[in-house]
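Here's the structure, in structure tokens; my notes come after.
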Amino acid sequence: MNLKEIIKQKLDSSFPETKFEYSDYKDEFCVKLDKNFIVPVCNLLKNDSELQFLLCEDITAVDWATRKNRFTVVYHIFSLKNKFRLKLKADVDEKDCNINSVTSVWRAANWPERECYDMYGIIFNNHPDLRRMYMPEEFEYHPLRKDFPLLGIPGSLPLPKK
Amino acid sequence: MEKLTKNNVHPKIVQALLQDTDITIEDALENEMILNMGPQHPATHGVLRVLLRLDGETVISCVPELGYLHRGYEKMAENMSYYEYIPHTDRLDYISPMANNVAWVLAVEKLAGIEVPLRAQYIRMMVAELARITSHLVAVGAFAMDVGALTVFLWTLREREKVLDIWDILCGARFTNSYTRIGGVANDAQPEALAKVKWFIDQFDDNLTECEKLLNTNRIFIERLENIGIISAEDAIDLGLTGPSLRASGVEFDIRRAMPYLKYNEIDFNIPTYSEGDCLARYFVRVDEMRESAKIIRQILDKMPQGEVLANNPKKVLPHKTEIYTRMEELIHDFMIVNFGINPPVGEIYHAIEGSKGELGFYLVSKGEGHPWKCKIRSPSFNNLQALPHLVKGHMISDVVAIIGSIDPIMGEADK
Amino acid sequence: MGLEAKLNQDGFFVTKLDALVSWARKNSVWPMPMGISCCAIEMMAVGDPKYDIARFGSEVMRFTPRQCDLMIVAGTVTYKMSQVVRKIYDQMPDPKWVIAMGACTSTGGMYRSYSVVQGIDQFLPVDVYVAGCPPRPDNLLNALIMIQEKIGNTRARDFQDLKLPELNVIQSN
């Protein structure tokens with residue numbers, strides 16, 4: 001049985017109360033899940049002796065602009081044991097723009113989640129230090145949202161006096 | 001020494017300190033001393049700002065602050081075509097621009113499903129390994145300079161200039177190359193360039209040994225780095241380290257081996273690992289990797305086949321300029337690609353290569369348009385820097401400089 | 001050497017103090033390497049044995065603004081960084097000069113985005129702009145020669161009406 005089947009089986013048997021969507025595009029295995037289950041699922045994937053997804057590579061989000069669930073948070077995790085990369089996705093709506101933080105699972109998730117908050121304004125619950133990553137603290141907008149113009153909003157960032 | 005408290009400082013000074021908005025940690029005088037390092041500091045390799053809380057000279061905690069070089073790469077990627085973005089990747093990790101070019105085009109080719117001719121793949125491998133050598137040369141030189149050995153820096157830069165001369169011949173630019181194209185490389189590697197690469201590799205080993213001798217027999221250098229900034233393998237993985245910093249902690253993880261891209265599965269090379277996990281081990285890994293890269297390049301030069309360097313895929317790959325000027329069909333394709341882009345199918349991919357700092361990945365989402373709907377750069381420096389607070393805790397302030405140098409962050413890609 | 005030959009013959013020579021000062025000043029420009037991004041690497045290359053900025057008397061790169069009279073702003077200046085650049089410029093003693101190295105520093109270059117200042121002349125007086133992305137080291141040396149020319153032409157009266165910046169001084173009693 002290959003690893004994709006094992007992941008499917010483990011997830012389905014451990015979380016019968018929710019439904020997972022699996023996809024496999026260009027040999028990249030992806031699991032789409034309900035955002036409320038992100039922490040337990042990540043815990044399982046990391047601590048299972050057969051899977052061991054120990055390395056959290058990247059966390060980001062995609063802004064779909066017009067879709068009902070406007071944002072999708074995307075996690076890339078890697079298993080050093082199996083040399084396998086897994087993509088996790090969870091939809092987040094604009095009205096209820098928060099998701100549980102996975103910093104308790106991987107400490108590496110800290111900064112990528114902060115970056116995601118800075119760029120998209122998605123709140124990560126239980127994050128130890130949710131500040132802006134790049135932009136100044138007093139900046140009001142979230143630049144990677146599709147409704148933010150490329151050239152920015154005039155006057156939103158101050159310049160020193162000449 | 002008497003401890004400084006609020007009572008024996010004039011209230012005006014206390015007030016002024018509290019009004020200073022640049023100090024983000026409150027009540028500077030109530031606690032231990034707060035030291036602000038950067039963003040303009042010679043040892044921060046650019047514009048990294050680090051706030052240190054000190055007890056005497058010992059670092060109690062450390063808060064890195066990024067964003068001083070945030071240029072909005074990901075937003076710009078959403079507003080330009082895949083071709084237009086190639087020059088921007090040069091400036092991500094500006095010590096090894098070639099490797100970034102390769103990473104970007106590999107990601108786009110995976111998204112659009114383009115097959116690349118064999119010779120182009122070998123050329124890409126060659127330039128990526130040369131980029132690794134230049135990057136590690138600067139890293140080792142700057143690292144040595146940070147801990148007080150200035151000569152090494154001049155010697156390693158001398159070696160680096162030779163590679164830049166090769167790039168000058170290869171693609172006409174010495175620093176920001178933009179050499180790769182979607183579907184191949186901009187122009188074939190000329191025999192002069194390949195001869196120069198061979199010459200460089202042949203003399204490189206001796207020159208590297210020469211540089212190494214300056215450091216490996218230097219007691220000050222060794223004693224300043226040994227047992228400084230130790231990180232265990234578990235912590236390193238948990239904090240998301242990749243690249244030389246991870247391999248110095250004893251984890252043999254290299255994307256070239258774990259998920260081979262290009263033709264790395266046909267090449268024989270070792271992955272240098274050390275188990276100590278301190279600054280000295282990180283330095284040794286870099287030097288060993290340079291030797292391995294030289295070995296890889298030697299094999300590439302032997303194996304490199306003749307043939308085309310640009311894929312024949314008119315809807316997706318820009319044709320040569322000479323053909324555009326003389327043939328109607330190529331002109332039409334050129335017009336379509338330049339104006340509307342290459343329109344990869346709807347989908348999303350993540351592709352990572354082993355950059356010189358670690359895993360350099362691009363996550364691309366396409367909606368079938370000429371420009372990406374979303375582009376996320378997984379930059380190794382960003383994730384490696386995250387381990388900085390863990391590494392410097394409990395060390396002296398002079399060690400902070402060494403530790404930052406041993407991680408080798410490049411702020412261009414850390415800040416994006 | 002020119003000067004010694006002259007002194008051997010006559011034992012002294014006559015010039016204006018003004019000219020002597022600016023001659024000395026122009027041949028020992030101490031740069032402040034404000035290295036921010038890619039251009040900083042090329043600025044490092046200027047100091048290496050191949051290009052060797054020491055030929056122009058400017059190898060003394062000082063990382064503290066208090067000891068410098070030329071600021072080389074090398075790299076993209078973002079809005080967040082602009083406050084820092086200005087602060088460092090204010091700390092440099094007069095007279096001082098600025099080189100804007102590279103396209104992004106001069107005009108914003110290829111970064112027309114929300115976070116990049118479109119040219120540092122919006123908040124700094126710039127003396128020489130250097131084209132290139134990044135400029136080749138030779139080009140930076142050319143800029144240095146231009147700055148030297150400019151410094152050589154300055155006279156004391158140019159600084160007579162110079163307005164001193166207003167600094168907040170905290171007095172301790």
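In the structure tokens, the first chain shown is A, the next is B, and so on; residue numbers restart at 1 for each chain, and ligands run from 1 in the order shown.
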Notebook entry, point to check: What residues in chain B have any atom no more than 8 Å from chain C when counting only C-alpha atoms, and can you write them as a list of chain:residue names?
Noted result: B:His10, B:Lys12, B:Ile13, B:Ala16, B:Pro39, B:Gln40, B:His41, B:Pro42, B:Gly46, B:Val47, B:Gly67, B:Tyr68, B:Leu69, B:His70, B:Arg71, B:Gly72, B:Lys75, B:Met76, B:Arg91, B:Tyr94, B:Ile95, B:Leu154, B:Leu157, B:Arg158, B:Glu161, B:Phe175, B:Thr176, B:Met411, B:Gly412
Would you write out those residues with N, CA and C atoms, as a JSON list (two decimals), in the first residue's frame?
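Okay, part.json is ready:
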```json
[["chain", "number", "residue", "atom", "x", "y", "z"],
["B", 10, "HIS", "N", 17.19, 60.85, 36.05],
["B", 10, "HIS", "CA", 16.34, 62.04, 36.04],
["B", 10, "HIS", "C", 15.00, 61.76, 35.35],
["B", 12, "LYS", "N", 13.14, 63.38, 33.49],
["B", 12, "LYS", "CA", 13.00, 63.81, 32.09],
["B", 12, "LYS", "C", 13.53, 62.75, 31.14],
["B", 13, "ILE", "N", 14.62, 62.13, 31.56],
["B", 13, "ILE", "CA", 15.19, 61.08, 30.70],
["B", 13, "ILE", "C", 14.25, 59.89, 30.64],
["B", 16, "ALA", "N", 11.52, 60.75, 28.36],
["B", 16, "ALA", "CA", 11.94, 60.73, 26.97],
["B", 16, "ALA", "C", 12.08, 59.29, 26.46],
["B", 39, "PRO", "N", 18.57, 48.17, 12.22],
["B", 39, "PRO", "CA", 18.79, 47.50, 10.93],
["B", 39, "PRO", "C", 20.08, 47.92, 10.22],
["B", 40, "GLN", "N", 20.76, 48.96, 10.73],
["B", 40, "GLN", "CA", 21.99, 49.32, 10.07],
["B", 40, "GLN", "C", 23.13, 48.86, 10.95],
["B", 41, "HIS", "N", 23.55, 47.64, 10.74],
["B", 41, "HIS", "CA", 24.63, 47.09, 11.54],
["B", 41, "HIS", "C", 25.45, 46.20, 10.61],
["B", 42, "PRO", "N", 26.77, 46.35, 10.62],
["B", 42, "PRO", "CA", 27.58, 45.62, 9.63],
["B", 42, "PRO", "C", 27.45, 44.11, 9.72],
["B", 46, "GLY", "N", 22.69, 42.94, 6.01],
["B", 46, "GLY", "CA", 21.57, 43.62, 5.40],
["B", 46, "GLY", "C", 20.80, 44.38, 6.44],
["B", 47, "VAL", "N", 19.52, 44.20, 6.45],
["B", 47, "VAL", "CA", 18.70, 45.08, 7.29],
["B", 47, "VAL", "C", 17.89, 44.29, 8.31],
["B", 67, "GLY", "N", 11.16, 42.98, 7.79],
["B", 67, "GLY", "CA", 10.28, 43.86, 7.04],
["B", 67, "GLY", "C", 10.94, 45.12, 6.54],
["B", 68, "TYR", "N", 12.21, 45.34, 6.87],
["B", 68, "TYR", "CA", 12.86, 46.56, 6.39],
["B", 68, "TYR", "C", 13.20, 46.48, 4.90],
["B", 69, "LEU", "N", 13.10, 45.28, 4.34],
["B", 69, "LEU", "CA", 13.33, 45.15, 2.91],
["B", 69, "LEU", "C", 12.13, 44.46, 2.26],
["B", 70, "HIS", "N", 10.95, 44.68, 2.83],
["B", 70, "HIS", "CA", 9.77, 44.04, 2.26],
["B", 70, "HIS", "C", 9.37, 44.79, 1.00],
["B", 71, "ARG", "N", 9.57, 44.12, -0.15],
["B", 71, "ARG", "CA", 9.37, 44.83, -1.41],
["B", 71, "ARG", "C", 8.07, 44.43, -2.10],
["B", 72, "GLY", "N", 7.31, 43.55, -1.49],
["B", 72, "GLY", "CA", 6.04, 43.17, -2.08],
["B", 72, "GLY", "C", 6.16, 42.25, -3.27],
["B", 75, "LYS", "N", 2.89, 40.24, -4.17],
["B", 75, "LYS", "CA", 1.86, 41.08, -4.79],
["B", 75, "LYS", "C", 2.24, 41.39, -6.24],
["B", 76, "MET", "N", 3.52, 41.66, -6.45],
["B", 76, "MET", "CA", 3.94, 41.99, -7.82],
["B", 76, "MET", "C", 3.78, 40.80, -8.75],
["B", 91, "ARG", "N", 16.67, 38.89, -7.58],
["B", 91, "ARG", "CA", 16.90, 39.78, -6.45],
["B", 91, "ARG", "C", 16.33, 39.25, -5.15],
["B", 94, "TYR", "N", 20.07, 37.46, -3.38],
["B", 94, "TYR", "CA", 20.92, 38.11, -4.37],
["B", 94, "TYR", "C", 22.36, 37.65, -4.33],
["B", 95, "ILE", "N", 22.67, 36.67, -3.48],
["B", 95, "ILE", "CA", 24.01, 36.12, -3.53],
["B", 95, "ILE", "C", 24.08, 35.00, -4.56],
["B", 154, "LEU", "N", 38.54, 38.92, 1.70],
["B", 154, "LEU", "CA", 39.12, 39.39, 0.44],
["B", 154, "LEU", "C", 39.49, 38.20, -0.45],
["B", 157, "LEU", "N", 36.26, 36.59, -1.86],
["B", 157, "LEU", "CA", 35.66, 37.45, -2.89],
["B", 157, "LEU", "C", 36.46, 37.36, -4.19],
["B", 158, "ARG", "N", 37.77, 37.17, -4.06],
["B", 158, "ARG", "CA", 38.59, 37.01, -5.25],
["B", 158, "ARG", "C", 38.13, 35.78, -6.05],
["B", 161, "GLU", "N", 34.75, 36.51, -7.74],
["B", 161, "GLU", "CA", 34.85, 37.33, -8.95],
["B", 161, "GLU", "C", 35.10, 36.46, -10.19],
["B", 175, "PHE", "N", 26.03, 39.91, -12.44],
["B", 175, "PHE", "CA", 25.49, 39.75, -11.10],
["B", 175, "PHE", "C", 24.03, 39.31, -11.11],
["B", 176, "THR", "N", 23.15, 40.10, -11.65],
["B", 176, "THR", "CA", 21.75, 39.70, -11.75],
["B", 176, "THR", "C", 21.55, 39.15, -13.14],
["B", 411, "MET", "N", 18.53, 39.06, 3.51],
["B", 411, "MET", "CA", 17.27, 39.71, 3.83],
["B", 411, "MET", "C", 16.38, 39.88, 2.60],
["B", 412, "GLY", "N", 16.97, 39.89, 1.41],
["B", 412, "GLY", "CA", 16.16, 40.02, 0.20],
["B", 412, "GLY", "C", 15.10, 38.95, 0.11]]
```
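Residues from chain A that have an atom within 6 Å of chain C, counting only C-alpha atoms, are Leu150, Leu151, Gly152, Pro160 and Lys162 of chain A.
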Could those selected residues go to a file with N, CA and C atoms, as a compact mmCIF listing (two decimals), in the first residue's frame?
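To be explicit, this is the file written out as selection_13.txt:
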```txt
# COMPACT_ATOMS: atom_id res chain seq x y z
N LEU A 150 -1.99 47.43 -6.02
CA LEU A 150 -0.55 47.13 -6.05
C LEU A 150 0.27 48.31 -5.57
N LEU A 151 -0.15 49.51 -5.94
CA LEU A 151 0.65 50.67 -5.58
C LEU A 151 0.33 51.21 -4.20
N GLY A 152 -0.50 50.52 -3.47
CA GLY A 152 -0.77 50.91 -2.10
C GLY A 152 -1.76 52.05 -2.00
N PRO A 160 9.77 60.23 6.13
CA PRO A 160 10.38 61.25 6.98
C PRO A 160 10.37 62.61 6.30
N LYS A 162 11.70 66.04 4.77
CA LYS A 162 12.91 66.32 4.01
C LYS A 162 13.75 67.35 4.74
```
Next item on the list: Per DSSP on the backbone, filter region 269-311 of chain B down to the residues in helix (DSSP H, G or I) and report them as a PyMOL selection string.
Entry: chain B and resi 279-303
Check: Which residue gives the smallest distance to Leu54 (chain A) among A:Ile99, A:Thr18, A:Asp91, A:Leu80, with only C-alpha atoms counted?
Finding: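 Comparing A:Ile99, A:Thr18, A:Asp91, A:Leu80 against Leu54 (chain A), the winner is A:Leu80.
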Find the residues of chain B that sit at most 6 Å from chain A; for each, write down the nearest two atoms and how far apart they are in Å, to one decimal. Count only C-alpha atoms. Sort by chain, then by number going up, and give it as CSV.
```
residue,atom,partner,partner_atom,distance
B:Leu66,CA,A:Tyr134,CA,5.7
B:Gly67,CA,A:Tyr134,CA,3.8
B:Lys75,CA,A:Leu144,CA,5.9
B:Ile237,CA,A:Leu55,CA,5.8
B:Asp238,CA,A:Trp106,CA,5.7
B:Leu239,CA,A:Ala108,CA,4.2
B:Gly240,CA,A:Ala108,CA,4.9
B:Ala258,CA,A:Lys83,CA,5.8
```
Could you dump the residues just selected with C-alpha atoms as a CSV table (one decimal), in the first residue's frame?
```csv
chain,number,residue,atom,x,y,z
B,66,LEU,CA,11.9,41.9,9.8
B,67,GLY,CA,10.3,43.9,7.0
B,75,LYS,CA,1.9,41.1,-4.8
B,237,ILE,CA,13.6,20.2,12.5
B,238,ASP,CA,10.9,21.6,14.8
B,239,LEU,CA,12.0,25.2,14.1
B,240,GLY,CA,11.9,24.6,10.3
B,258,ALA,CA,15.2,13.5,-1.2
```
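Nearest residue to Asn153 (chain C), choosing from C:Ala5, C:Met71, C:Ala19, C:Ala100 and counting only C-alpha atoms: C:Ala19.
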Checklist line | Minimum-distance residue to Asn100 (chain A), chosen among A:Ile153, A:Ala65, A:Ile38, A:Ile6 (using only C-alpha atoms) | finding: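 Closest candidate: A:Ile38.
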Check: Please, what distance in Å, to one decimal, runs between CA of Ser22 (chain C) and CA of Asp158 (chain C)?
Finding: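 Answer for the CA of Ser22 (chain C) to CA of Asp158 (chain C) separation: 11.6 Å.
Among A:Tyr75, A:Phe139, A:Phe53, A:Tyr22, the residue with the shortest atom-to-atom distance to Lys35 (chain A), counting only C-alpha atoms, is A:Tyr75.
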